Amino acid sequence: MEFAFTEEQEMIRDSAESFLQDVSTSEAVRTAMATEEGFDAELWQKICSDMYWQALHIPEEFGGLGLGYVELAVLFEEMGRRLLCSPFFSTVALGVNALLVAGNEEQKAQWLPQIAEGNLTATLAYTAKNSWDADSITAVAKKEGEGFVLSGQYKYVPDGHTAGLLIVAARDENSSGEESISLFVLPANTAGVSRTWTPTMDQTRKQAEVTLDNVFVESSNLLGVAGKAWSQLEQVTQLAVIAVAAEQAGGARQILDLTVDYTQERVQFGRTIASFQAIKHRAADMMVQVECSKSAVYYAACVAQESLFCNDKAGEQVAEELPVAAALAKSYCSDAYFHCAAEAIQLHGGVGFTWEYDPHLYFKRAKSSETFLGNGAYHREKIAQAIL
Amino acid sequence: MKISFSPEDEQFRQEIAGWLKDNLKGEFEELRHRGGPGDEHMFPEERKIWEQHMAQAGWTCPGWPVEHGGKGLSINQQVIFHEEYARAGGPGHMGHIGEGLAGPTIIAFGTEEQKKRFLPGIVDGTEYWCQGYSEPSAGSDLANVKTKAHFDEASGKWVISGQKVWTSLAHESDWCFVIARTEPGSQGHKGLAFLLVPMKQEGVEVRPIEQLTGTSEFNEVFFDNAVTDADNIVGKPGEGWKIAMALLGFERGVSTLGQQMHFQNELDEIIKVAKENGSSEEPAIRQRIADAWMGLRIMRYNSLRMLSGGADGSLQKEAMIYKLYWATWHANLGKLAMDVLGNESEILDEGPYELNRLQSMYLFTRSDTIYGGTNEIQRNIIAERALGMPKEPKGR
Ligand SMILES: Cc1cc2nc3c(=O)[nH]c(=O)nc-3n(C[C@H](O)[C@H](O)[C@H](O)COP(=O)(O)OP(=O)(O)OC[C@H]3O[C@@H](n4cnc5c(N)ncnc54)[C@H](O)[C@@H]3O)c2cc1C
């Protein structure tokens, strides 16, 4: 056991930090978020060709860098700090993870190299309802000849309107619950697929509705075994919420830093407001939550690493912790980020309530990321089920 | 970053778990799960015997270097040791102030003679220590201590006069480390010394203070021309503050992991009660139990980060959150325990005031946010040292 970053991991953090500081400024974020696509295509290409982040945890045999989930969490943390607007989260946390978890060798060989090269973005669509459980999947897959016909609707799909590759869940007709769910991978331009951007309160992360209208896919588009995909989908969402939690930890840390800086400059009653104990103590409480968020994320990332890539018995044991480690990280970081971002607005006073200052960007991201894939209470209930 | 233990470490786990299973029974059976925080007044004599029993097998001070009588365990093995000890219900260490505070301070700052004189007594479980910091007018403002000490040339001894208060386990202790003012007229953290003072002497009087639990774990200690040998000063006169502060750093070391397993036992008990009385079906209680469970896991991750990062013993600024975090968590756990018990939380085991384990835990957690630096002082420290915010204005 060594719960500290290696030198290489620190280097990845440093280079991400300085790169993002330059390219994901407040101005850049505001420009990107005002567009329907939600990201700057040139910057995305730069990330893909210069930084190679999209390939980070794709195994080398599929054209990736073959690094691990801890390195990935470091990237997500730094991206969350800077509210990077890009299809990275959807492509890597949802798309790559889904292919790694559920894809067979041919499917991985078909899609992962394209993602690694930066030619393809991806996302995951499953819920049609205002929830994230198995029952939220209403799209239907019908066996037809050598393939399947898919029909149905998906909501809250991150970058659903821009992604090149869709991974979708669908169920057998008249089934319910966790039974009879299948996962499919299909190019977004397949006939019968339509996508509409959904405007959102947090403009830094785009969502879309996806509709499948009698979409025919070959059986080679089926990921895993027909009707048996729920546990794989669960694993994918568990891996994804660890990425969300990492972004949240980074965002919470950044908003704390911004707030402390601001209070050190603002003078009232003849002294900086940072010298008031009421403000110091609230900043201290924010820091506790920031550090605890990081601890939760780093641990969960170690578990995710074993869950995806373990090759020994000790690793297998760790991998079993994935459901609770993910729920813990998502639950804690969701609440911590919201708390810190809300405090940031309060401690900025009137300027905190303006469009011009940045706290609202973090406050809105905090809420959207809290809601996405289940909020704090939702994940605490999962933990309650595991321990009670 | 890696969180699984190596096969060698797992083998070590078997060894300590096996030893505890074979030894924590018979005459020691009644000590299981006893003597922890809130229960420290229980079985003091029996726990000292247990400590000596552990010492004979070499299990006291296992994290100390071998040359000082420890086992020189790696950080990972210490983690395992503390986990297994608490898992087995190992009783609260009578010697924890010696092992966790006095010993490490002497190892870091003491002379060779002091190490020879004092460390073996701690390792053997034959000499027990208490911490003489707080005074009636020096609580959070510790630098305001008024206890005086001077060196008496005639007898060749330090002579100490003054009053300490809230001194835990003073009544069970052989030695006290005392912060005293050796430079007459000095103020604040200047002019202080760190003295090692024997408790069993005429000039020392210990008066127990009854706590809100109805029991007495801490005391007032009066020094009236108490004496200690010339050699029993750690560092030089005037260096007392530096040493006193370094010692507080040791408080956040690996022993926190043992404390966490103790917390786990408490949480397990709460979960058991919740399942038995059906409160585990109430959504609000489910949320709070899950929250407590998560909070404890995070506490563990925090300390693993702290331990893995600070191999040189230096505390990163992240470590400053540790005390505030666990104290707050534990206070919430205490309240959760009572809310899970419901109406039964009021009912005592026996009159006149016999608290059960969860009740005494609940009441005792009110002190966690006070001793060892109150929550407010912790927040000042975090804001000033970790976040670089301005220092509090001084009133004098
Ligand atoms: C169970 C228990 C065991 C103990 N064991 C020992 C022991 O073995 N040895 C020992 O030396 N001491 C011991 N103590 C003493 C303990 O360290 C002190 O109680 C503690 O440092 C607080 O000091 P005080 O009680 O004088 O409170 P005060 O300092 O008077 O504090 C009262 C209140 O004012 C707040 N306050 C004080 N200063 C500030 C500030 N600058 N900013 C904001 N708020 C402030 C405090 O947070 C607190 O809420 C023990 C205490 C307890 C409860």
# chains A, B, ... in the order shown; residues from 1 in each chain; ligands from 1
$ residues_around --residues "Arg286 of chain B" --least-positions-apart "2" --cutoff "12 Å" --atoms "only C-alpha atoms" --output "compact mmCIF listing (two decimals) with all heavy atoms, in the first residue's frame"
# COMPACT_ATOMS: atom_id res chain seq x y z
N ALA A 377 -27.81 12.00 -1.70
CA ALA A 377 -28.76 11.14 -0.96
C ALA A 377 -28.96 9.81 -1.69
O ALA A 377 -29.04 8.75 -1.07
CB ALA A 377 -30.10 11.87 -0.81
N TYR A 378 -29.02 9.88 -3.00
CA TYR A 378 -29.20 8.66 -3.80
C TYR A 378 -28.06 7.67 -3.54
O TYR A 378 -28.27 6.47 -3.33
CB TYR A 378 -29.25 9.07 -5.28
CG TYR A 378 -29.28 7.94 -6.28
CD1 TYR A 378 -30.49 7.36 -6.64
CD2 TYR A 378 -28.11 7.49 -6.88
CE1 TYR A 378 -30.53 6.33 -7.58
CE2 TYR A 378 -28.14 6.47 -7.82
CZ TYR A 378 -29.35 5.89 -8.16
OH TYR A 378 -29.38 4.88 -9.08
N HIS A 379 -26.85 8.20 -3.54
CA HIS A 379 -25.71 7.29 -3.34
C HIS A 379 -25.55 6.87 -1.89
O HIS A 379 -25.06 5.78 -1.61
CB HIS A 379 -24.43 7.94 -3.89
CG HIS A 379 -24.40 7.92 -5.38
ND1 HIS A 379 -24.11 6.79 -6.09
CD2 HIS A 379 -24.68 8.87 -6.30
CE1 HIS A 379 -24.19 7.05 -7.39
NE2 HIS A 379 -24.53 8.31 -7.55
N ARG A 380 -25.97 7.72 -0.95
CA ARG A 380 -25.95 7.28 0.44
C ARG A 380 -26.92 6.12 0.65
O ARG A 380 -26.63 5.19 1.39
CB ARG A 380 -26.29 8.44 1.39
CG ARG A 380 -25.07 9.29 1.74
CD ARG A 380 -25.36 10.23 2.89
NE ARG A 380 -26.35 11.23 2.55
CZ ARG A 380 -26.09 12.32 1.83
NH1 ARG A 380 -24.87 12.55 1.39
NH2 ARG A 380 -27.05 13.18 1.55
N GLU A 381 -28.06 6.17 -0.02
CA GLU A 381 -29.00 5.07 0.10
C GLU A 381 -28.37 3.78 -0.45
O GLU A 381 -28.57 2.69 0.09
CB GLU A 381 -30.32 5.40 -0.60
CG GLU A 381 -31.33 4.25 -0.68
CD GLU A 381 -31.71 3.61 0.66
OE1 GLU A 381 -31.66 4.29 1.71
OE2 GLU A 381 -32.04 2.40 0.66
N LYS A 382 -27.58 3.90 -1.51
CA LYS A 382 -26.89 2.70 -2.02
C LYS A 382 -25.96 2.14 -0.96
O LYS A 382 -25.84 0.92 -0.79
CB LYS A 382 -26.07 3.05 -3.27
CG LYS A 382 -26.95 3.35 -4.45
CD LYS A 382 -26.19 3.19 -5.75
CE LYS A 382 -27.18 3.31 -6.86
NZ LYS A 382 -27.30 2.35 -7.81
N ILE A 383 -25.27 3.03 -0.28
CA ILE A 383 -24.37 2.57 0.78
C ILE A 383 -25.18 1.95 1.90
O ILE A 383 -24.83 0.88 2.43
CB ILE A 383 -23.49 3.73 1.28
CG1 ILE A 383 -22.46 4.04 0.19
CG2 ILE A 383 -22.82 3.40 2.59
CD1 ILE A 383 -21.57 5.22 0.48
N ALA A 384 -26.30 2.59 2.25
CA ALA A 384 -27.16 2.03 3.31
C ALA A 384 -27.57 0.60 2.95
O ALA A 384 -27.56 -0.29 3.79
CB ALA A 384 -28.39 2.92 3.50
N GLN A 385 -27.90 0.40 1.68
CA GLN A 385 -28.28 -0.97 1.27
C GLN A 385 -27.12 -1.94 1.43
O GLN A 385 -27.32 -3.11 1.74
CB GLN A 385 -28.77 -0.96 -0.18
CG GLN A 385 -30.17 -0.37 -0.30
CD GLN A 385 -30.55 -0.05 -1.73
OE1 GLN A 385 -29.93 -0.56 -2.67
NE2 GLN A 385 -31.54 0.80 -1.91
N ALA A 386 -25.93 -1.46 1.24
CA ALA A 386 -24.77 -2.35 1.35
C ALA A 386 -24.43 -2.68 2.80
O ALA A 386 -23.91 -3.75 3.08
CB ALA A 386 -23.56 -1.72 0.65
N ILE A 387 -24.69 -1.75 3.72
CA ILE A 387 -24.23 -1.98 5.10
C ILE A 387 -25.35 -2.28 6.08
O ILE A 387 -25.07 -2.72 7.20
CB ILE A 387 -23.41 -0.78 5.63
CG1 ILE A 387 -24.26 0.50 5.71
CG2 ILE A 387 -22.16 -0.54 4.78
CD1 ILE A 387 -23.55 1.68 6.34
N LEU A 388 -26.60 -2.05 5.68
CA LEU A 388 -27.68 -2.28 6.66
C LEU A 388 -28.44 -3.57 6.38
O LEU A 388 -28.55 -3.98 5.24
CB LEU A 388 -28.65 -1.10 6.66
CG LEU A 388 -28.14 0.18 7.34
CD1 LEU A 388 -29.10 1.33 7.14
CD2 LEU A 388 -27.91 -0.07 8.83
N ILE B 270 -23.90 0.65 16.68
CA ILE B 270 -25.07 1.47 16.33
C ILE B 270 -25.88 0.78 15.24
O ILE B 270 -27.12 0.72 15.29
CB ILE B 270 -24.61 2.87 15.87
CG1 ILE B 270 -23.98 3.63 17.04
CG2 ILE B 270 -25.78 3.67 15.28
CD1 ILE B 270 -23.28 4.92 16.65
N ILE B 271 -25.18 0.22 14.25
CA ILE B 271 -25.87 -0.47 13.16
C ILE B 271 -26.65 -1.68 13.70
O ILE B 271 -27.79 -1.94 13.31
CB ILE B 271 -24.86 -0.90 12.07
CG1 ILE B 271 -24.33 0.35 11.34
CG2 ILE B 271 -25.48 -1.88 11.09
CD1 ILE B 271 -23.23 0.09 10.32
N ALA B 274 -29.71 -0.42 15.35
CA ALA B 274 -30.66 0.09 14.35
C ALA B 274 -31.40 -1.06 13.69
O ALA B 274 -32.61 -0.98 13.42
CB ALA B 274 -29.93 0.93 13.32
N LYS B 275 -30.69 -2.15 13.43
CA LYS B 275 -31.34 -3.30 12.81
C LYS B 275 -32.30 -3.97 13.79
O LYS B 275 -33.38 -4.40 13.41
CB LYS B 275 -30.30 -4.31 12.35
CG LYS B 275 -29.59 -3.90 11.07
CD LYS B 275 -28.64 -5.01 10.71
CE LYS B 275 -28.03 -4.84 9.36
NZ LYS B 275 -26.85 -5.73 9.21
N GLY B 278 -35.38 -1.62 14.40
CA GLY B 278 -36.14 -1.25 13.21
C GLY B 278 -35.88 0.16 12.70
O GLY B 278 -36.38 0.54 11.65
N SER B 279 -35.07 0.95 13.42
CA SER B 279 -34.83 2.32 12.92
C SER B 279 -34.03 2.30 11.63
O SER B 279 -34.00 3.28 10.90
CB SER B 279 -34.14 3.18 13.98
OG SER B 279 -32.92 2.61 14.35
N SER B 280 -33.40 1.15 11.34
CA SER B 280 -32.64 1.04 10.08
C SER B 280 -33.55 1.09 8.86
O SER B 280 -33.08 1.17 7.73
CB SER B 280 -31.84 -0.25 10.05
OG SER B 280 -32.71 -1.36 10.02
N GLU B 281 -34.87 1.05 9.08
CA GLU B 281 -35.80 1.16 7.95
C GLU B 281 -36.20 2.62 7.69
O GLU B 281 -36.81 2.91 6.67
CB GLU B 281 -37.09 0.37 8.23
CG GLU B 281 -36.87 -1.12 8.49
CD GLU B 281 -36.33 -1.84 7.27
OE1 GLU B 281 -36.74 -1.48 6.16
OE2 GLU B 281 -35.48 -2.74 7.45
N GLU B 282 -35.90 3.50 8.63
CA GLU B 282 -36.30 4.90 8.45
C GLU B 282 -35.33 5.60 7.51
O GLU B 282 -34.13 5.61 7.76
CB GLU B 282 -36.29 5.65 9.79
CG GLU B 282 -37.30 5.15 10.79
CD GLU B 282 -37.02 5.72 12.17
OE1 GLU B 282 -36.45 6.84 12.26
OE2 GLU B 282 -37.34 5.03 13.14
N PRO B 283 -35.87 6.22 6.45
CA PRO B 283 -34.98 6.86 5.48
C PRO B 283 -34.00 7.85 6.11
O PRO B 283 -32.82 7.87 5.74
CB PRO B 283 -35.95 7.57 4.54
CG PRO B 283 -37.22 6.80 4.64
CD PRO B 283 -37.28 6.29 6.04
N ALA B 284 -34.46 8.68 7.05
CA ALA B 284 -33.55 9.69 7.61
C ALA B 284 -32.40 9.03 8.36
O ALA B 284 -31.24 9.45 8.27
CB ALA B 284 -34.32 10.62 8.53
N ARG B 288 -28.26 8.92 7.61
CA ARG B 288 -27.25 9.33 8.58
C ARG B 288 -26.26 8.20 8.88
O ARG B 288 -25.07 8.45 9.10
CB ARG B 288 -27.93 9.83 9.86
CG ARG B 288 -28.56 11.20 9.65
CD ARG B 288 -29.40 11.61 10.82
NE ARG B 288 -28.61 11.74 12.05
CZ ARG B 288 -29.15 11.83 13.26
NH1 ARG B 288 -30.46 11.79 13.41
NH2 ARG B 288 -28.39 11.95 14.32
N ILE B 289 -26.74 6.98 8.90
CA ILE B 289 -25.81 5.86 9.13
C ILE B 289 -24.85 5.75 7.95
O ILE B 289 -23.64 5.59 8.12
CB ILE B 289 -26.57 4.54 9.37
CG1 ILE B 289 -27.27 4.59 10.73
CG2 ILE B 289 -25.61 3.34 9.30
CD1 ILE B 289 -28.11 3.36 11.06
N ALA B 290 -25.39 5.87 6.73
CA ALA B 290 -24.52 5.81 5.56
C ALA B 290 -23.51 6.95 5.59
O ALA B 290 -22.33 6.77 5.29
CB ALA B 290 -25.36 5.88 4.28
N ASP B 291 -23.97 8.11 6.01
CA ASP B 291 -23.09 9.27 6.09
C ASP B 291 -21.97 9.03 7.10
O ASP B 291 -20.81 9.35 6.84
CB ASP B 291 -23.93 10.50 6.47
CG ASP B 291 -23.23 11.78 6.10
OD1 ASP B 291 -22.69 11.85 4.99
OD2 ASP B 291 -23.21 12.72 6.92
N ALA B 292 -22.33 8.46 8.23
CA ALA B 292 -21.32 8.17 9.25
C ALA B 292 -20.32 7.14 8.73
O ALA B 292 -19.10 7.27 8.91
CB ALA B 292 -22.00 7.65 10.52
N TRP B 293 -20.83 6.16 8.05
CA TRP B 293 -19.96 5.12 7.50
C TRP B 293 -18.97 5.71 6.49
O TRP B 293 -17.78 5.46 6.52
CB TRP B 293 -20.83 4.04 6.85
CG TRP B 293 -20.09 2.84 6.35
CD1 TRP B 293 -19.81 1.70 7.03
CD2 TRP B 293 -19.55 2.67 5.03
NE1 TRP B 293 -19.12 0.83 6.23
CE2 TRP B 293 -18.93 1.40 5.01
CE3 TRP B 293 -19.50 3.47 3.89
CZ2 TRP B 293 -18.29 0.90 3.87
CZ3 TRP B 293 -18.86 2.98 2.76
CH2 TRP B 293 -18.27 1.71 2.76
N LEU B 336 -26.01 10.48 16.62
CA LEU B 336 -26.67 9.43 15.85
C LEU B 336 -27.00 8.24 16.74
O LEU B 336 -28.09 7.65 16.66
CB LEU B 336 -25.77 9.00 14.68
CG LEU B 336 -26.25 7.80 13.86
CD1 LEU B 336 -27.59 8.08 13.20
CD2 LEU B 336 -25.20 7.43 12.80
N ASP B 339 -30.06 8.94 18.68
CA ASP B 339 -31.25 9.01 17.84
C ASP B 339 -31.67 7.62 17.37
O ASP B 339 -32.86 7.34 17.19
CB ASP B 339 -31.01 9.94 16.65
CG ASP B 339 -30.80 11.38 17.12
OD1 ASP B 339 -31.13 11.67 18.29
OD2 ASP B 339 -30.29 12.21 16.34
N VAL B 340 -30.70 6.75 17.18
CA VAL B 340 -31.02 5.37 16.82
C VAL B 340 -31.66 4.66 18.01
O VAL B 340 -32.63 3.90 17.87
CB VAL B 340 -29.76 4.62 16.33
CG1 VAL B 340 -29.95 3.13 16.36
CG2 VAL B 340 -29.39 5.09 14.92
$ closest_atom_pairs --of "chain B" --to "chain A" --cutoff "9 Å" --atoms "only C-alpha atoms" --output "tab-separated table"
residue	atom	partner	partner_atom	distance
B:Met1	CA	A:Phe3	CA	5.0
B:Lys2	CA	A:Glu2	CA	5.1
B:Ile3	CA	A:Met1	CA	4.6
B:Ser4	CA	A:Met1	CA	5.2
B:Phe5	CA	A:Met1	CA	5.0
B:Ser6	CA	A:Met1	CA	7.2
B:Pro7	CA	A:Ala314	CA	8.3
B:Asn76	CA	A:Met1	CA	6.7
B:Ile271	CA	A:Leu388	CA	7.0
B:Lys272	CA	A:Leu388	CA	8.7
B:Ala274	CA	A:Leu388	CA	8.6
B:Lys275	CA	A:Leu388	CA	7.2
B:Ser280	CA	A:Leu388	CA	6.9
B:Glu281	CA	A:Leu388	CA	8.9
B:Pro283	CA	A:Glu381	CA	8.2
B:Arg286	CA	A:Ala384	CA	5.8
B:Gln287	CA	A:Arg380	CA	5.9
B:Arg288	CA	A:Arg380	CA	8.5
B:Ile289	CA	A:Ala384	CA	7.1
B:Ala290	CA	A:Ala384	CA	5.1
B:Asp291	CA	A:Arg380	CA	6.6
B:Trp293	CA	A:Ile383	CA	8.4
B:Met294	CA	A:Leu328	CA	6.1
B:Gly295	CA	A:Tyr332	CA	8.6
B:Arg297	CA	A:Ala296	CA	8.2
B:Ile298	CA	A:Ala296	CA	5.9
B:Met299	CA	A:Cys292	CA	7.8
B:Arg300	CA	A:Ser295	CA	8.9
B:Tyr301	CA	A:Ser295	CA	5.5
B:Asn302	CA	A:Ser295	CA	5.7
B:Leu304	CA	A:Phe3	CA	6.0
B:Arg305	CA	A:Phe3	CA	5.4
B:Met306	CA	A:Phe3	CA	8.6
B:Leu307	CA	A:Phe3	CA	8.2
B:Ser308	CA	A:Phe3	CA	5.5
B:Gly309	CA	A:Ala4	CA	5.8
B:Glu318	CA	A:Glu291	CA	6.7
B:Met320	CA	A:Val288	CA	8.9
B:Ile321	CA	A:Val288	CA	5.6
B:Tyr322	CA	A:Val288	CA	8.3
B:Leu324	CA	A:Val288	CA	8.1
B:Tyr325	CA	A:Val288	CA	6.9
B:Glu376	CA	A:His281	CA	7.5
B:Gln378	CA	A:Ala284	CA	8.5
B:Arg379	CA	A:His281	CA	5.3
B:Asn380	CA	A:His281	CA	6.7
B:Ile381	CA	A:Ala284	CA	8.5
B:Ile382	CA	A:Ala284	CA	5.6
B:Ala383	CA	A:Ala284	CA	5.2
B:Glu384	CA	A:Lys280	CA	8.0
B:Ala386	CA	A:Ala284	CA	8.6
B:Leu387	CA	A:Val260	CA	7.3
B:Gly388	CA	A:Val260	CA	8.6
B:Met389	CA	A:Ala274	CA	6.0
B:Pro390	CA	A:Ser275	CA	5.1
B:Lys391	CA	A:Ser275	CA	7.0
B:Glu392	CA	A:Ser275	CA	7.2
B:Pro393	CA	A:Ser275	CA	8.6
$ closest_residue --among "A:Val241, A:Ala102, A:Ile12, A:Leu186" --to "Leu67 of chain A" --atoms "only C-alpha atoms"
A:Ile12
$ select_by_dssp --residues "segment 110-349 of chain B" --states "alpha helix (DSSP H)" --output "PyMOL selection string"
chain B and resi 112-124+240-250+255-277+283-309+322-341
$ atom_distance --atom1 "atom 36 (N, counted along the ligand's line) of ligand 1" --atom2 "atom CA of Gln163 of chain B"
20.8 Å
$ closest_atom_pairs --of "chain B" --to "ligand 1" --cutoff "10 Å" --atoms "only C-alpha atoms and all ligand atoms" --output "CSV"
residue,atom,partner,partner_atom_place_in_ligand_line,distance
B:Pro37,CA,ligand 1,1 (C),8.8
B:Gly38,CA,ligand 1,1 (C),8.2
B:Ile97,CA,ligand 1,8 (O),8.5
B:Trp129,CA,ligand 1,8 (O),9.6
B:Cys130,CA,ligand 1,8 (O),6.0
B:Gln131,CA,ligand 1,9 (N),4.4
B:Gly132,CA,ligand 1,11 (O),4.5
B:Tyr133,CA,ligand 1,11 (O),3.4
B:Ser134,CA,ligand 1,11 (O),3.8
B:Glu135,CA,ligand 1,11 (O),7.2
B:Pro136,CA,ligand 1,26 (O),6.5
B:Ser137,CA,ligand 1,26 (O),6.7
B:Ala138,CA,ligand 1,26 (O),5.9
B:Gly139,CA,ligand 1,26 (O),3.1
B:Ser140,CA,ligand 1,29 (O),3.6
B:Asp141,CA,ligand 1,29 (O),6.0
B:Leu142,CA,ligand 1,21 (O),7.2
B:Lys164,CA,ligand 1,11 (O),7.1
B:Val165,CA,ligand 1,12 (N),6.5
B:Trp166,CA,ligand 1,13 (C),4.5
B:Thr167,CA,ligand 1,8 (O),3.9
B:Ser168,CA,ligand 1,8 (O),3.7
B:Leu169,CA,ligand 1,8 (O),7.0
B:Ala170,CA,ligand 1,8 (O),7.7
B:Cys176,CA,ligand 1,9 (N),9.5
B:Phe177,CA,ligand 1,11 (O),9.3
B:Val178,CA,ligand 1,11 (O),8.5
B:Ile179,CA,ligand 1,11 (O),9.0
B:Gln211,CA,ligand 1,1 (C),8.0
B:Leu212,CA,ligand 1,1 (C),9.9
B:Ser216,CA,ligand 1,1 (C),9.4
B:Glu217,CA,ligand 1,1 (C),7.3
B:Phe218,CA,ligand 1,3 (C),6.0
B:Asn219,CA,ligand 1,8 (O),8.4
B:Glu220,CA,ligand 1,9 (N),9.8
B:Phe364,CA,ligand 1,1 (C),7.4
B:Thr365,CA,ligand 1,1 (C),8.9
B:Arg366,CA,ligand 1,53 (C),8.0
B:Ser367,CA,ligand 1,53 (C),4.5
B:Asp368,CA,ligand 1,53 (C),7.1
B:Thr369,CA,ligand 1,53 (C),8.2
B:Ile370,CA,ligand 1,20 (C),5.3
B:Tyr371,CA,ligand 1,16 (C),3.9
B:Gly372,CA,ligand 1,17 (O),4.7
B:Gly373,CA,ligand 1,21 (O),4.8
B:Thr374,CA,ligand 1,47 (O),4.7
B:Asn375,CA,ligand 1,47 (O),5.9
B:Glu376,CA,ligand 1,47 (O),4.4
B:Ile377,CA,ligand 1,47 (O),5.7
B:Gln378,CA,ligand 1,47 (O),8.5
B:Arg379,CA,ligand 1,43 (C),8.3
B:Asn380,CA,ligand 1,42 (N),6.8
B:Ile381,CA,ligand 1,41 (N),9.8
B:Lys391,CA,ligand 1,41 (N),9.7
B:Glu392,CA,ligand 1,41 (N),6.9
B:Pro393,CA,ligand 1,41 (N),8.9
B:Lys394,CA,ligand 1,41 (N),9.0
B:Gly395,CA,ligand 1,41 (N),10.0
$ atom_distance --atom1 "atom CA of Thr31 of chain A" --atom2 "atom CA of Gln203 of chain A"
10.5 Å
$ decode --residues "segment 24-39 of chain B" --atoms "N, CA and C atoms" --output "PDB file, in the first residue's frame"
ATOM      1  N   LEU B  24      -5.844 -12.398  24.076  1.00  0.00           N
ATOM      2  CA  LEU B  24      -6.885 -11.532  24.631  1.00  0.00           C
ATOM      3  C   LEU B  24      -8.058 -12.390  25.102  1.00  0.00           C
ATOM      4  N   LYS B  25      -7.773 -13.220  26.119  1.00  0.00           N
ATOM      5  CA  LYS B  25      -8.812 -14.114  26.627  1.00  0.00           C
ATOM      6  C   LYS B  25      -8.478 -14.443  28.079  1.00  0.00           C
ATOM      7  N   GLY B  26      -9.239 -15.327  28.678  1.00  0.00           N
ATOM      8  CA  GLY B  26      -8.991 -15.665  30.075  1.00  0.00           C
ATOM      9  C   GLY B  26      -9.129 -14.441  30.949  1.00  0.00           C
ATOM     10  N   GLU B  27      -8.065 -14.147  31.735  1.00  0.00           N
ATOM     11  CA  GLU B  27      -8.148 -13.009  32.658  1.00  0.00           C
ATOM     12  C   GLU B  27      -8.329 -11.684  31.914  1.00  0.00           C
ATOM     13  N   PHE B  28      -7.954 -11.649  30.623  1.00  0.00           N
ATOM     14  CA  PHE B  28      -8.043 -10.394  29.884  1.00  0.00           C
ATOM     15  C   PHE B  28      -9.366 -10.234  29.126  1.00  0.00           C
ATOM     16  N   GLU B  29     -10.161 -11.281  29.129  1.00  0.00           N
ATOM     17  CA  GLU B  29     -11.412 -11.271  28.366  1.00  0.00           C
ATOM     18  C   GLU B  29     -12.273 -10.045  28.701  1.00  0.00           C
ATOM     19  N   GLU B  30     -12.358  -9.742  30.002  1.00  0.00           N
ATOM     20  CA  GLU B  30     -13.241  -8.642  30.419  1.00  0.00           C
ATOM     21  C   GLU B  30     -12.755  -7.287  29.889  1.00  0.00           C
ATOM     22  N   LEU B  31     -11.520  -7.229  29.418  1.00  0.00           N
ATOM     23  CA  LEU B  31     -10.978  -5.946  28.947  1.00  0.00           C
ATOM     24  C   LEU B  31     -11.320  -5.650  27.495  1.00  0.00           C
ATOM     25  N   ARG B  32     -11.867  -6.655  26.800  1.00  0.00           N
ATOM     26  CA  ARG B  32     -12.134  -6.434  25.383  1.00  0.00           C
ATOM     27  C   ARG B  32     -13.085  -5.262  25.200  1.00  0.00           C
ATOM     28  N   HIS B  33     -12.725  -4.376  24.282  1.00  0.00           N
ATOM     29  CA  HIS B  33     -13.526  -3.180  23.969  1.00  0.00           C
ATOM     30  C   HIS B  33     -13.636  -2.200  25.129  1.00  0.00           C
ATOM     31  N   ARG B  34     -12.801  -2.323  26.149  1.00  0.00           N
ATOM     32  CA  ARG B  34     -12.922  -1.405  27.281  1.00  0.00           C
ATOM     33  C   ARG B  34     -11.746  -0.425  27.304  1.00  0.00           C
ATOM     34  N   GLY B  35     -11.979   0.665  28.046  1.00  0.00           N
ATOM     35  CA  GLY B  35     -10.867   1.585  28.312  1.00  0.00           C
ATOM     36  C   GLY B  35     -10.544   2.542  27.196  1.00  0.00           C
ATOM     37  N   GLY B  36     -11.420   2.587  26.170  1.00  0.00           N
ATOM     38  CA  GLY B  36     -11.179   3.565  25.104  1.00  0.00           C
ATOM     39  C   GLY B  36     -11.615   4.946  25.550  1.00  0.00           C
ATOM     40  N   PRO B  37     -11.594   5.905  24.622  1.00  0.00           N
ATOM     41  CA  PRO B  37     -12.033   7.258  24.964  1.00  0.00           C
ATOM     42  C   PRO B  37     -13.440   7.206  25.555  1.00  0.00           C
ATOM     43  N   GLY B  38     -13.635   7.899  26.673  1.00  0.00           N
ATOM     44  CA  GLY B  38     -14.933   7.893  27.341  1.00  0.00           C
ATOM     45  C   GLY B  38     -15.036   6.781  28.364  1.00  0.00           C
ATOM     46  N   ASP B  39     -14.095   5.860  28.302  1.00  0.00           N
ATOM     47  CA  ASP B  39     -14.150   4.687  29.176  1.00  0.00           C
ATOM     48  C   ASP B  39     -12.791   4.505  29.850  1.00  0.00           C
TER      49      ASP B  39
END
